[in-house]
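Q: A single structure is presented below for examination.
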Amino acid sequence: MLSVCVAESARPLTAQDNANDVVAVVNADPITRKTLSEESLRRYGEDVLENMVNRHLILQACKLQGIEVTSAEVREEIARVAQKFGLTMPAYLQLLQEERDIAPDQYSREIIWPMLALRRLVAAKVLVSENEFNQAFIAQFGEAVKCRLIMMASRADADSLHLQATQNPASFAQLAKQYSEDEASASVGGLIPPIRRYSGDSRIEEAAFALQDNEISPVMQLGDQWIFMQAVRRIGASTPSPQAMPSIREQITDRIRDQKMRGAATELFAQLQTEAQVVTVLGDAEKMQQHPGVAAIVNGQQVSIASVSAECVKRHGEEVLEGEINRKLLTQALRKANKKVSDPDLQKEVERAAISFGYIRSDGKPDVNTWMESILSDGKTTEELYIRDAVWPSVAVKKLVEESVTLTEQDIQQGYESAFGPRVEVLAVVLSDQRTAQKVWEMARDNPTDQFFGQLAEQYSVEPVSASNMGKVPPIRKHSGQLAIEREAFEMKPGDLSGIVVTGDKYIVLRCQGYTEPVVTDIAAVRTELIRDLTETKTNLAMNAKFEELKSSAEIDNFFVAAKELPHVARASEPRAK
């Protein structure tokens, strides 16, 4: 349900709030709401708490000024925003859910409610004057000047080019192409988007509107660059119809108000945060002992850990529960196989990951410290979460398959041929239907040259690389997993045309250009490297297969997902936000 209640105040516990509620059962082994709450809090508590503290600050400011935002107002605002995009409210909410993973109630509570509340709080600062409207209207519909521009980092270079341009105005476009350091405009002879009044730097606007067609402006400084312009032509003002004016006025007014509101809201937040007394308890062991059950204290008002946990579950519960189900599956499988994940196992996996991502010290050993710094650099991941969510599951699955992974001499030989052996250099045309493929093949047979084949690829290939490179594609290697293509390619000699190779829903025609020389001729020189890489590859394949097997054979009941209501918007009769 889309709700606008932002105060995380105490309320009677419901059946769903009971910590012993079962949210999922995995092979008769339950996962409780308490576990889900704890794990959600562990991963998202700090981010969610920060958002809640901000909402508390806004709510407290609203109470001081006697401001209330009702469910009806939230509903009306969502409908208005949806209408801007030409959508119904349900369609807009569904789009947010699918494209941005924002649930309707979260959108209402964390985006729309604060926006409406801030509008009320800074109402005096976001009034749109008639002068502001008129300027924005002129910027959108008024006269404009189409210009060319030359930009240089050196004043001396700019002056030199300016002299050449003023002596021969017809050369401006060529000078821009050849010398301007603004690459985007240089590539089109210096052309820039039309300059309108009240749209940017007033000096540039005044200079542009002072020019006659083909006239060149003086050299001006723009930041650390030097520019001058040439007027190409004037673009006349457009006059909207009287019927369109009410809608245009509303759009322009909304845009100005939103721009002003963002600035005013930023100032208000800074003021609220400066004046507020906020004590963050969550994550501070000493403070959590002093204030049990409290996540933060905002101007003397407590935000409970329970409310933060509930918010974390509401936002991220489905994702976290999926992880806990997977953890349960792996724990059960380890127990059944009489295997355990030890601390040395975890350390070994961290070292392996460091090496695989190139974090290696000068002595050839894994640079674990630098690797961990990169993992934790986002400021959100902790070492505990990295070990729990990434390292432990990987080690657990690896434990389950380690005895089944074997490497044969045939595997090593095929790996050597694939990585270091000769490859076939080909041109390719990729088609989506057999009739066109037959037509292309016949034309290629009748005109057996690389140039003509490349033209066929450019004209007919549906695959971007071959189409844009005259048929040229990466050389084909053995044992790449494309057996039909490999077989056909390695049977050809330079100049040969393949048959029509069918793979999936595509039809491929190849022309052989020759073979590459083997990178390594002695398998013994790379045997150790091959064994390491092939073992890891086979282990990863076995791990993926094992995990899919565990999931497909498990009996899983996910009550949390099943109990989720279909989203609907708040009704006008619902309680007011207080």
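Chain labels A, B, ... are given in the sequence in which chains occur in the structure tokens; within each chain residues are numbered consecutively from 1, and ligands are likewise numbered from 1 in the order shown.
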Please build the interface table for region 48-77 of chain A against region 270-286 of chain A with a cut-off of 10 Å, listing for each qualifying residue the nearest atom pair and the distance in Å to one decimal; count only C-alpha atoms, order rows by chain and increasing number, and write it as CSV.
A:
```
residue,atom,partner,partner_atom,distance
A:Leu49,CA,A:Leu282,CA,8.4
A:Glu50,CA,A:Thr280,CA,9.1
A:Val53,CA,A:Val278,CA,8.2
A:Asn54,CA,A:Gln273,CA,8.5
A:Leu57,CA,A:Leu272,CA,6.7
A:Ile58,CA,A:Leu272,CA,8.1
A:Gln60,CA,A:Leu272,CA,9.8
A:Ala61,CA,A:Leu272,CA,8.2
```
Q: Store the residues picked out above, limited to all heavy atoms, as a PDB file, in the first residue's frame.
A:
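The result, written out as part.pdb:
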```pdb
ATOM      1  N   LEU A  49      18.757   4.667   7.880  1.00  0.00           N
ATOM      2  CA  LEU A  49      18.678   5.564   9.038  1.00  0.00           C
ATOM      3  C   LEU A  49      18.916   7.008   8.619  1.00  0.00           C
ATOM      4  O   LEU A  49      18.219   7.918   9.088  1.00  0.00           O
ATOM      5  CB  LEU A  49      19.695   5.146  10.097  1.00  0.00           C
ATOM      6  CG  LEU A  49      19.760   6.050  11.339  1.00  0.00           C
ATOM      7  CD1 LEU A  49      18.411   6.105  12.043  1.00  0.00           C
ATOM      8  CD2 LEU A  49      20.859   5.582  12.293  1.00  0.00           C
ATOM      9  N   GLU A  50      19.873   7.232   7.744  1.00  0.00           N
ATOM     10  CA  GLU A  50      20.148   8.597   7.285  1.00  0.00           C
ATOM     11  C   GLU A  50      18.909   9.208   6.640  1.00  0.00           C
ATOM     12  O   GLU A  50      18.568  10.367   6.893  1.00  0.00           O
ATOM     13  CB  GLU A  50      21.309   8.587   6.293  1.00  0.00           C
ATOM     14  CG  GLU A  50      21.687   9.969   5.789  1.00  0.00           C
ATOM     15  CD  GLU A  50      22.840   9.938   4.806  1.00  0.00           C
ATOM     16  OE1 GLU A  50      23.377   8.842   4.542  1.00  0.00           O
ATOM     17  OE2 GLU A  50      23.199  11.011   4.286  1.00  0.00           O
ATOM     18  N   VAL A  53      16.327   9.966   9.371  1.00  0.00           N
ATOM     19  CA  VAL A  53      16.681  11.152  10.153  1.00  0.00           C
ATOM     20  C   VAL A  53      16.293  12.411   9.381  1.00  0.00           C
ATOM     21  O   VAL A  53      15.731  13.362   9.950  1.00  0.00           O
ATOM     22  CB  VAL A  53      18.187  11.151  10.480  1.00  0.00           C
ATOM     23  CG1 VAL A  53      18.632  12.528  11.000  1.00  0.00           C
ATOM     24  CG2 VAL A  53      18.503  10.079  11.521  1.00  0.00           C
ATOM     25  N   ASN A  54      16.560  12.408   8.089  1.00  0.00           N
ATOM     26  CA  ASN A  54      16.169  13.567   7.265  1.00  0.00           C
ATOM     27  C   ASN A  54      14.659  13.776   7.287  1.00  0.00           C
ATOM     28  O   ASN A  54      14.170  14.904   7.381  1.00  0.00           O
ATOM     29  CB  ASN A  54      16.653  13.373   5.834  1.00  0.00           C
ATOM     30  CG  ASN A  54      18.143  13.560   5.687  1.00  0.00           C
ATOM     31  OD1 ASN A  54      18.772  14.224   6.512  1.00  0.00           O
ATOM     32  ND2 ASN A  54      18.729  12.969   4.665  1.00  0.00           N
ATOM     33  N   LEU A  57      13.664  15.315  10.550  1.00  0.00           N
ATOM     34  CA  LEU A  57      13.955  16.742  10.603  1.00  0.00           C
ATOM     35  C   LEU A  57      12.878  17.539   9.873  1.00  0.00           C
ATOM     36  O   LEU A  57      12.418  18.579  10.356  1.00  0.00           O
ATOM     37  CB  LEU A  57      15.329  17.022   9.978  1.00  0.00           C
ATOM     38  CG  LEU A  57      16.544  16.530  10.760  1.00  0.00           C
ATOM     39  CD1 LEU A  57      17.818  16.745   9.946  1.00  0.00           C
ATOM     40  CD2 LEU A  57      16.651  17.223  12.112  1.00  0.00           C
ATOM     41  N   ILE A  58      12.477  17.050   8.702  1.00  0.00           N
ATOM     42  CA  ILE A  58      11.424  17.736   7.941  1.00  0.00           C
ATOM     43  C   ILE A  58      10.110  17.689   8.706  1.00  0.00           C
ATOM     44  O   ILE A  58       9.381  18.684   8.798  1.00  0.00           O
ATOM     45  CB  ILE A  58      11.261  17.089   6.550  1.00  0.00           C
ATOM     46  CG1 ILE A  58      12.531  17.270   5.730  1.00  0.00           C
ATOM     47  CG2 ILE A  58      10.075  17.700   5.809  1.00  0.00           C
ATOM     48  CD1 ILE A  58      12.529  16.502   4.427  1.00  0.00           C
ATOM     49  N   GLN A  60       9.608  17.355  11.938  1.00  0.00           N
ATOM     50  CA  GLN A  60       9.632  18.219  13.107  1.00  0.00           C
ATOM     51  C   GLN A  60       9.468  19.682  12.710  1.00  0.00           C
ATOM     52  O   GLN A  60       8.774  20.448  13.386  1.00  0.00           O
ATOM     53  CB  GLN A  60      10.955  18.014  13.871  1.00  0.00           C
ATOM     54  CG  GLN A  60      11.040  16.655  14.558  1.00  0.00           C
ATOM     55  CD  GLN A  60      12.410  16.391  15.144  1.00  0.00           C
ATOM     56  OE1 GLN A  60      13.355  17.140  14.924  1.00  0.00           O
ATOM     57  NE2 GLN A  60      12.535  15.303  15.901  1.00  0.00           N
ATOM     58  N   ALA A  61      10.097  20.067  11.591  1.00  0.00           N
ATOM     59  CA  ALA A  61       9.944  21.446  11.105  1.00  0.00           C
ATOM     60  C   ALA A  61       8.503  21.714  10.701  1.00  0.00           C
ATOM     61  O   ALA A  61       7.964  22.808  10.953  1.00  0.00           O
ATOM     62  CB  ALA A  61      10.885  21.679   9.918  1.00  0.00           C
TER      63      ALA A  61
END
```
Q: If we count only C-alpha atoms, what is near Thr35 (chain A) at a cut-off of 12 Å, once residues fewer than 4 positions away on the same chain are taken out, given as an MDAnalysis selection string?
A: chainID A and resid 18:24 30:31 39:42 309:310 313 317 320:321 323:325 328
Q: Between A:Val519, A:Ala295, A:Ala117, A:Ile508, single out the one closest to Tyr416 (chain A), counting only C-alpha atoms.
A: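 Between A:Val519, A:Ala295, A:Ala117, A:Ile508, the residue approaching Tyr416 (chain A) most closely is A:Val519.
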Q: Could you pull out all residues of region 331-481 of chain A with a DSSP call of alpha helix (DSSP H) and give them as a ChimeraX atom specification?
A: /A:331-336,343-356,368-376,383-386,392-401,409-420,434-446,450-460,464-468
Q: Which residues come within 8 Å of region 166-172 of chain A, counting only C-alpha atoms, excluding same-chain residues fewer than 3 positions away, as a short mmCIF file (atom, residue, chain, number, x, y, z; two decimals) with N, CA and C atoms, in the first residue's frame?
A:
```cif
data_model
loop_
_atom_site.label_atom_id
_atom_site.label_comp_id
_atom_site.auth_asym_id
_atom_site.auth_seq_id
_atom_site.Cartn_x
_atom_site.Cartn_y
_atom_site.Cartn_z
N ARG A 148 28.47 29.91 -34.87
CA ARG A 148 29.65 29.05 -34.87
C ARG A 148 30.59 29.56 -33.79
N HIS A 162 41.32 34.87 -34.52
CA HIS A 162 40.29 35.90 -34.65
C HIS A 162 40.63 36.86 -35.78
N LEU A 163 41.91 37.19 -35.89
CA LEU A 163 42.35 38.07 -36.97
C LEU A 163 42.11 37.43 -38.34
N LEU A 175 38.31 27.17 -40.15
CA LEU A 175 39.21 27.45 -39.02
C LEU A 175 38.76 26.70 -37.77
N ALA A 176 37.43 26.65 -37.55
CA ALA A 176 36.91 25.92 -36.39
C ALA A 176 37.23 24.44 -36.48
N GLY A 189 32.18 22.21 -37.93
CA GLY A 189 32.51 23.56 -38.37
C GLY A 189 32.22 24.63 -37.35
N ASN A 214 26.89 36.56 -40.18
CA ASN A 214 28.30 36.43 -40.61
C ASN A 214 29.26 37.33 -39.84
N GLU A 215 28.74 38.21 -38.99
CA GLU A 215 29.62 39.07 -38.19
C GLU A 215 30.28 38.25 -37.09
N ILE A 216 31.48 38.65 -36.69
CA ILE A 216 32.27 37.91 -35.71
C ILE A 216 32.42 38.73 -34.43
N GLN A 230 30.75 33.49 -34.49
CA GLN A 230 30.25 34.08 -35.73
C GLN A 230 28.76 33.79 -35.82
#
```
